[in-house]
>>> print(open('run-v3.cif').read())   # mmCIF, C-alpha atoms
data_target
#
loop_
_atom_site.label_atom_id
_atom_site.label_comp_id
_atom_site.auth_asym_id
_atom_site.auth_seq_id
_atom_site.Cartn_x
_atom_site.Cartn_y
_atom_site.Cartn_z
CA MET W 4 6.10 -31.00 8.63
CA LYS W 5 2.81 -29.25 9.27
CA ILE W 6 3.01 -25.71 7.91
CA ALA W 7 0.38 -23.03 8.48
CA VAL W 8 0.39 -20.56 5.58
CA ILE W 9 -1.33 -17.37 6.72
CA GLY W 10 -2.46 -15.51 3.61
CA GLY W 11 -2.34 -18.86 1.86
CA THR W 12 -5.03 -18.16 -0.74
CA GLY W 13 -3.35 -15.23 -2.54
CA LEU W 14 -0.99 -14.96 -5.51
CA ILE W 15 2.08 -16.20 -3.64
CA GLY W 16 0.39 -18.09 -0.82
CA SER W 17 -1.59 -20.46 -3.01
CA GLN W 18 1.56 -21.44 -4.89
CA VAL W 19 3.56 -21.85 -1.66
CA VAL W 20 0.89 -24.24 -0.36
CA ALA W 21 0.96 -26.22 -3.61
CA ASP W 22 4.78 -26.41 -3.64
CA LEU W 23 4.98 -27.54 -0.01
CA ASN W 24 2.30 -30.18 -0.39
CA ALA W 25 3.96 -31.45 -3.57
CA ALA W 26 7.17 -31.86 -1.52
CA GLY W 27 5.35 -34.08 0.98
CA HIS W 28 4.56 -31.57 3.73
CA GLU W 29 1.15 -30.77 5.17
CA ALA W 30 0.65 -27.14 4.20
CA VAL W 31 -2.67 -25.60 5.20
CA PRO W 32 -3.85 -22.26 3.76
CA HIS W 33 -5.45 -19.73 6.11
CA SER W 34 -7.03 -16.37 5.35
CA LYS W 35 -10.05 -14.26 6.20
CA SER W 36 -12.12 -16.61 4.03
CA THR W 37 -11.19 -19.50 6.33
CA GLY W 38 -11.90 -17.53 9.52
CA VAL W 39 -8.42 -16.20 10.28
CA ASP W 40 -7.99 -12.45 10.85
CA VAL W 41 -4.47 -11.23 11.67
CA VAL W 42 -5.71 -7.79 12.78
CA THR W 43 -8.24 -9.02 15.35
CA GLY W 44 -6.36 -12.25 16.10
CA GLU W 45 -9.43 -14.34 15.35
CA GLY W 46 -8.63 -17.94 14.39
CA LEU W 47 -4.85 -17.67 14.82
CA ASP W 48 -4.54 -20.21 17.63
CA GLU W 49 -6.66 -22.69 15.71
CA ALA W 50 -4.57 -22.14 12.57
CA MET W 51 -1.28 -22.66 14.40
CA ALA W 52 -2.31 -25.61 16.55
CA GLY W 53 0.17 -28.42 15.89
CA ALA W 54 2.08 -26.42 13.27
CA ASP W 55 5.85 -26.77 13.06
CA VAL W 56 6.20 -23.73 10.79
CA VAL W 57 4.18 -20.57 10.18
CA VAL W 58 4.53 -18.67 6.91
CA ASN W 59 2.98 -15.20 7.00
CA LEU W 60 2.11 -13.84 3.56
CA THR W 61 -0.61 -11.40 4.58
CA ASN W 62 -0.31 -7.86 3.31
CA SER W 63 -1.52 -4.42 4.24
CA PRO W 64 -4.61 -3.30 2.30
CA THR W 65 -2.97 0.09 1.68
CA PHE W 66 0.52 1.40 0.87
CA ASP W 67 0.17 4.55 2.99
CA GLU W 68 0.97 5.30 6.63
CA ALA W 69 -1.81 2.95 7.75
CA SER W 70 0.38 0.05 6.62
CA LEU W 71 2.61 0.67 9.66
CA THR W 72 -0.33 0.03 11.98
CA PHE W 73 -1.33 -3.06 10.02
CA PHE W 74 2.08 -4.70 10.31
CA GLN W 75 2.52 -3.71 13.97
CA THR W 76 -0.86 -5.16 14.95
CA SER W 77 -0.72 -8.26 12.76
CA MET W 78 2.81 -9.21 13.81
CA ASP W 79 2.00 -8.69 17.50
CA ASN W 80 -0.93 -11.08 17.13
CA LEU W 81 0.92 -13.62 14.99
CA LEU W 82 4.01 -13.74 17.19
CA ALA W 83 1.94 -14.11 20.35
CA ALA W 84 0.00 -17.00 18.81
CA ALA W 85 3.19 -18.61 17.50
CA GLY W 86 4.69 -18.44 20.99
CA ARG W 87 1.60 -19.94 22.63
CA ASN W 88 1.56 -22.79 20.12
CA LYS W 89 5.31 -23.46 20.34
CA VAL W 90 5.93 -22.94 16.62
CA ASP W 91 9.51 -23.81 15.64
CA HIS W 92 9.99 -21.50 12.63
CA PHE W 93 8.30 -18.29 11.46
CA VAL W 94 8.78 -17.12 7.85
CA ILE W 95 7.80 -13.82 6.22
CA LEU W 96 8.13 -12.45 2.70
CA SER W 97 9.59 -8.94 2.45
CA ILE W 98 11.20 -6.69 -0.17
CA VAL W 99 14.82 -6.29 -1.26
CA GLY W 100 16.01 -2.87 -0.07
CA THR W 101 13.00 -2.26 2.18
CA ASP W 102 15.19 -0.73 4.89
CA GLN W 103 16.82 1.69 2.43
CA VAL W 104 13.76 3.62 1.22
CA PRO W 105 12.65 5.72 4.22
CA GLY W 106 10.65 8.00 1.95
CA LEU W 107 8.01 5.33 1.33
CA ASP W 108 5.55 4.51 4.12
CA TYR W 109 5.02 0.96 2.88
CA TYR W 110 8.73 0.16 2.80
CA ARG W 111 9.12 1.54 6.31
CA ALA W 112 6.21 -0.68 7.34
CA LYS W 113 7.85 -3.78 5.86
CA ALA W 114 11.10 -2.89 7.66
CA LEU W 115 9.08 -2.65 10.87
CA GLN W 116 7.62 -6.10 10.19
CA GLU W 117 11.12 -7.52 9.76
CA ASN W 118 12.33 -5.92 12.98
CA LEU W 119 9.37 -7.22 14.96
CA LEU W 120 10.02 -10.75 13.71
CA ALA W 121 13.74 -10.60 14.45
CA ALA W 122 13.06 -9.37 17.98
CA GLY W 123 10.33 -11.94 18.60
CA PRO W 124 10.36 -15.25 20.49
CA VAL W 125 10.38 -17.63 17.51
CA PRO W 126 13.30 -18.75 15.27
CA TYR W 127 12.71 -17.00 11.96
CA SER W 128 13.53 -16.51 8.31
CA ILE W 129 13.00 -13.43 6.14
CA VAL W 130 12.79 -13.89 2.37
CA ARG W 131 13.27 -10.59 0.58
CA ALA W 132 12.17 -10.51 -3.06
CA THR W 133 12.52 -7.93 -5.79
CA GLN W 134 9.42 -6.59 -7.61
CA PHE W 135 7.04 -9.22 -8.97
CA MET W 136 6.64 -9.41 -12.74
CA GLU W 137 2.91 -9.76 -12.14
CA PHE W 138 2.78 -6.23 -10.65
CA ILE W 139 4.46 -4.36 -13.51
CA ASP W 140 1.14 -3.57 -15.22
CA ALA W 141 -0.13 -1.99 -12.02
CA VAL W 142 3.06 0.09 -11.69
CA LEU W 143 2.55 1.40 -15.23
CA SER W 144 -1.09 2.26 -14.55
CA TRP W 145 -0.20 4.56 -11.62
CA THR W 146 1.27 7.24 -13.90
CA ALA W 147 -0.47 6.54 -17.21
CA ASP W 148 -2.92 8.51 -19.30
CA THR W 149 -4.35 7.93 -22.76
CA ASP W 150 -1.13 8.86 -24.56
CA THR W 151 1.82 8.42 -22.21
CA VAL W 152 3.20 6.48 -19.28
CA ARG W 153 5.60 8.45 -17.07
CA LEU W 154 8.24 6.41 -15.26
CA PRO W 155 11.54 7.06 -13.50
CA ALA W 156 14.68 5.14 -14.50
CA THR W 157 14.80 3.34 -11.13
CA PRO W 158 16.68 0.03 -11.54
CA ILE W 159 14.29 -2.92 -11.17
CA GLN W 160 15.12 -6.64 -11.12
CA PRO W 161 11.74 -8.33 -11.71
CA ILE W 162 11.03 -11.85 -10.46
CA ALA W 163 8.15 -14.17 -11.37
CA ALA W 164 5.65 -15.01 -8.62
CA LYS W 165 6.17 -18.74 -9.18
CA ASP W 166 9.89 -18.29 -8.44
CA VAL W 167 9.10 -16.28 -5.30
CA ALA W 168 6.75 -19.01 -4.11
CA ALA W 169 9.33 -21.72 -4.76
CA ALA W 170 11.93 -19.81 -2.73
CA VAL W 171 9.55 -19.21 0.18
CA ALA W 172 8.56 -22.88 0.20
CA GLU W 173 12.22 -23.94 0.19
CA VAL W 174 13.05 -21.68 3.13
CA ALA W 175 9.94 -22.76 5.05
CA ALA W 176 10.93 -26.41 4.72
CA GLY W 177 14.48 -25.77 5.94
CA ALA W 178 16.09 -24.75 9.20
CA PRO W 179 15.45 -21.18 10.39
CA LEU W 180 17.90 -18.70 8.89
CA ASN W 181 17.57 -16.27 11.79
CA GLY W 182 18.41 -13.80 9.06
CA ILE W 183 17.57 -12.73 5.52
CA ARG W 184 17.72 -14.41 2.11
CA ASN W 185 17.47 -12.12 -0.93
CA ILE W 186 15.90 -13.48 -4.10
CA ALA W 187 15.70 -11.71 -7.46
CA GLY W 188 15.11 -12.15 -11.16
CA PRO W 189 18.06 -12.70 -13.50
CA GLU W 190 17.97 -9.27 -15.21
CA ILE W 191 18.06 -5.60 -14.18
CA PHE W 192 16.17 -2.94 -16.16
CA PRO W 193 15.60 0.79 -15.72
CA LEU W 194 11.88 1.00 -14.89
CA ASP W 195 11.14 3.21 -17.88
CA GLU W 196 12.79 0.67 -20.21
CA LEU W 197 10.81 -2.11 -18.56
CA GLY W 198 7.71 -0.08 -19.35
CA ARG W 199 8.67 0.18 -23.03
CA ILE W 200 9.31 -3.57 -23.25
CA THR W 201 5.95 -4.30 -21.62
CA LEU W 202 3.91 -1.94 -23.81
CA SER W 203 5.64 -3.13 -26.97
CA HIS W 204 4.83 -6.75 -26.17
CA LYS W 205 1.17 -5.85 -25.64
CA GLY W 206 0.95 -3.83 -28.84
CA ASP W 207 0.26 -0.70 -26.78
CA ASP W 208 1.40 2.39 -28.70
CA ARG W 209 1.53 4.76 -25.76
CA THR W 210 4.85 6.54 -25.24
CA VAL W 211 6.93 5.93 -22.12
CA VAL W 212 8.38 9.22 -20.87
CA ASN W 213 11.27 9.26 -18.44
CA ASP W 214 10.13 11.28 -15.44
CA PRO W 215 12.24 11.09 -12.26
CA THR W 216 9.31 12.46 -10.22
CA ALA W 217 6.64 10.00 -11.37
CA GLY W 218 5.06 7.38 -9.17
CA MET W 219 6.04 5.56 -6.01
CA PHE W 220 9.45 4.47 -7.28
CA SER W 221 10.56 8.09 -7.73
CA ALA W 222 11.35 8.01 -3.99
CA VAL W 223 13.94 5.28 -4.54
CA LYS W 224 17.53 6.47 -4.81
CA GLY W 225 20.17 4.40 -6.59
CA ASP W 226 19.97 0.66 -7.11
CA VAL W 227 18.78 -0.41 -3.65
CA LEU W 228 15.88 -2.44 -5.09
CA THR W 229 18.27 -4.76 -6.93
CA ASP W 230 20.85 -7.29 -5.76
CA GLU W 231 23.16 -9.04 -8.20
CA ASN W 232 24.38 -11.24 -5.34
CA ALA W 233 20.89 -12.50 -4.47
CA HIS W 234 19.70 -16.02 -5.14
CA LEU W 235 18.75 -15.53 -8.79
CA ALA W 236 15.64 -17.12 -10.27
CA ALA W 237 15.64 -18.51 -13.80
CA THR W 238 12.61 -16.79 -15.37
CA ARG W 239 13.47 -13.87 -17.67
CA TYR W 240 10.97 -11.06 -18.09
CA THR W 241 10.52 -11.38 -21.85
CA ASP W 242 9.97 -15.14 -21.47
CA TRP W 243 7.38 -14.50 -18.77
CA LEU W 244 5.61 -11.97 -21.02
CA SER W 245 5.46 -14.58 -23.77
#
>>> encode(input="run-v3.cif", output="structure tokens")
Amino acid sequence: MKIAVIGGTGLIGSQVVADLNAAGHEAVPHSKSTGVDVVTGEGLDEAMAGADVVVNLTNSPTFDEASLTFFQTSMDNLLAAAGRNKVDHFVILSIVGTDQVPGLDYYRAKALQENLLAAGPVPYSIVRATQFMEFIDAVLSWTADTDTVRLPATPIQPIAAKDVAAAVAEVAAGAPLNGIRNIAGPEIFPLDELGRITLSHKGDDRTVVNDPTAGMFSAVKGDVLTDENAHLAATRYTDWLS
């Protein structure tokens, strides 16, 4: 199959392209650097011409309320182009629990993206992933100072980017789900404990302080960002750190 991967040069997209091409498909990466802009619509028809499948891995440049506008505009443009080019299958990557965290603008924006896709004219698949292992350092930095890192005990089920990419590639190569597939790492940690494991591995002697008000994940209630019944990836966090 010919598969257009929009956002195909990023962390996940580049690996999705490699996995699909290794499986014998013709996966072509598209991004702003190749002349494709999902906000203006520039280059979308050219990118989708002759494509059987479109995988959209573009992301909002911000996590605030502006992310709602980004996903509304980009999905309107992408779905219109997919319809014009008679694409058979449209895939997006979303977040486990995104529809259960109304207190976060970005999660509401991802839920909007899902809803737009489901209501659109193209058979679709939504792959929801838990938090990427590659982003844990950034999460720690949001609430860190020279001596401490403040984190809530929000349950997190980290997954490696390579496992996310493999799952997206598998779904893209298959029949449309017209629904959602959840994917997750094999272990669940309280976020503050995940912080201690991470700092210990790096030889960082800062103290992790449990603070239920700290950072973006303080808005998450319960264990909605985890799913023990998801398709579980093999990579464990401590193995990934090593």
>>> closest_residue(input="run-v3.cif", among="W:Pro161, W:Gly16, W:Pro32, W:Gly106", to="Ala132 (chain W)", atoms="only C-alpha atoms")
W:Pro161
>>> atom_distance(input="run-v3.cif", atom1="CA of Ile162 (chain W)", atom2="CA of Lys224 (chain W)")
20.2 Å
>>> closest_residue(input="run-v3.cif", among="W:Asn118, W:Thr151, W:Ser221, W:Thr37", to="Thr101 (chain W)", atoms="all atoms listed in the file")
W:Asn118
>>> resolve_selection(input="run-v3.cif", expression="the PyMOL selection byres ((chain W and resi 85) around 12)", output="number ranges by chain")
W: 6-7, 9, 44, 47-59, 78-84, 86-94, 120, 123-127
>>> resolve_selection(input="run-v3.cif", expression="the PyMOL selection byres ((chain W and resi 10) around 9)", output="JSON, numbers by chain")
{"W": [8, 9, 11, 12, 13, 15, 16, 17, 32, 33, 34, 35, 39, 58, 59, 60, 61, 62]}
>>> atom_distance(input="run-v3.cif", atom1="CA of Ala236 (chain W)", atom2="CA of Ala178 (chain W)")
20.9 Å
>>> closest_residue(input="run-v3.cif", among="W:Arg153, W:Arg209, W:Arg131, W:His204", to="Asp230 (chain W)", atoms="all atoms listed in the file")
W:Arg131
>>> atom_distance(input="run-v3.cif", atom1="CA of Ala156 (chain W)", atom2="CA of Gln103 (chain W)")
17.4 Å
>>> residues_around(input="run-v3.cif", residues="Thr238 (chain W)", least_positions_apart="4", cutoff="7 Å", atoms="only C-alpha atoms", output="JSON, numbers by chain")
{"W": [163, 188, 242, 243]}
>>> decode(input="run-v3.cif", residues="region 118-168 of chain W", atoms="C-alpha atoms", output="mmCIF file, in the first residue's frame")
data_model
loop_
_atom_site.group_PDB
_atom_site.id
_atom_site.type_symbol
_atom_site.label_atom_id
_atom_site.label_comp_id
_atom_site.auth_asym_id
_atom_site.auth_seq_id
_atom_site.Cartn_x
_atom_site.Cartn_y
_atom_site.Cartn_z
ATOM 1 C CA ASN W 118 -14.494 13.193 17.403
ATOM 2 C CA LEU W 119 -13.805 15.022 14.153
ATOM 3 C CA LEU W 120 -12.202 11.907 12.687
ATOM 4 C CA ALA W 121 -15.030 9.622 13.796
ATOM 5 C CA ALA W 122 -17.610 11.968 12.274
ATOM 6 C CA GLY W 123 -15.665 12.398 9.041
ATOM 7 C CA PRO W 124 -16.088 10.809 5.614
ATOM 8 C CA VAL W 125 -13.174 8.348 5.729
ATOM 9 C CA PRO W 126 -12.929 4.906 7.424
ATOM 10 C CA TYR W 127 -10.647 5.446 10.396
ATOM 11 C CA SER W 128 -8.568 4.084 13.241
ATOM 12 C CA ILE W 129 -7.570 5.789 16.485
ATOM 13 C CA VAL W 130 -4.512 4.493 18.336
ATOM 14 C CA ARG W 131 -4.461 5.753 21.912
ATOM 15 C CA ALA W 132 -1.120 5.475 23.711
ATOM 16 C CA THR W 133 -0.078 6.071 27.292
ATOM 17 C CA GLN W 134 2.729 8.555 28.108
ATOM 18 C CA PHE W 135 5.959 8.101 26.152
ATOM 19 C CA MET W 136 9.049 7.111 28.118
ATOM 20 C CA GLU W 137 10.944 9.685 26.064
ATOM 21 C CA PHE W 138 8.852 12.508 27.591
ATOM 22 C CA ILE W 139 9.407 11.675 31.273
ATOM 23 C CA ASP W 140 12.432 13.993 31.549
ATOM 24 C CA ALA W 141 10.339 16.872 30.253
ATOM 25 C CA VAL W 142 7.565 16.091 32.754
ATOM 26 C CA LEU W 143 10.108 16.220 35.591
ATOM 27 C CA SER W 144 11.516 19.527 34.368
ATOM 28 C CA TRP W 145 8.125 21.277 34.577
ATOM 29 C CA THR W 146 8.129 21.293 38.391
ATOM 30 C CA ALA W 147 11.835 21.055 39.202
ATOM 31 C CA ASP W 148 14.265 23.415 40.873
ATOM 32 C CA THR W 149 17.860 22.987 41.982
ATOM 33 C CA ASP W 150 16.988 20.794 44.963
ATOM 34 C CA THR W 151 13.609 19.155 44.399
ATOM 35 C CA VAL W 152 11.188 17.823 41.825
ATOM 36 C CA ARG W 153 7.521 18.090 42.821
ATOM 37 C CA LEU W 154 5.213 15.472 41.337
ATOM 38 C CA PRO W 155 1.728 14.117 42.026
ATOM 39 C CA ALA W 156 1.168 10.378 42.489
ATOM 40 C CA THR W 157 -0.861 10.150 39.267
ATOM 41 C CA PRO W 158 -0.694 6.570 37.928
ATOM 42 C CA ILE W 159 1.353 6.444 34.710
ATOM 43 C CA GLN W 160 1.933 3.469 32.385
ATOM 44 C CA PRO W 161 4.905 4.564 30.243
ATOM 45 C CA ILE W 162 5.459 3.161 26.756
ATOM 46 C CA ALA W 163 8.553 3.393 24.548
ATOM 47 C CA ALA W 164 8.264 5.434 21.347
ATOM 48 C CA LYS W 165 9.490 2.481 19.270
ATOM 49 C CA ASP W 166 6.571 0.401 20.590
ATOM 50 C CA VAL W 167 4.117 3.203 19.812
ATOM 51 C CA ALA W 168 5.460 3.445 16.268
#
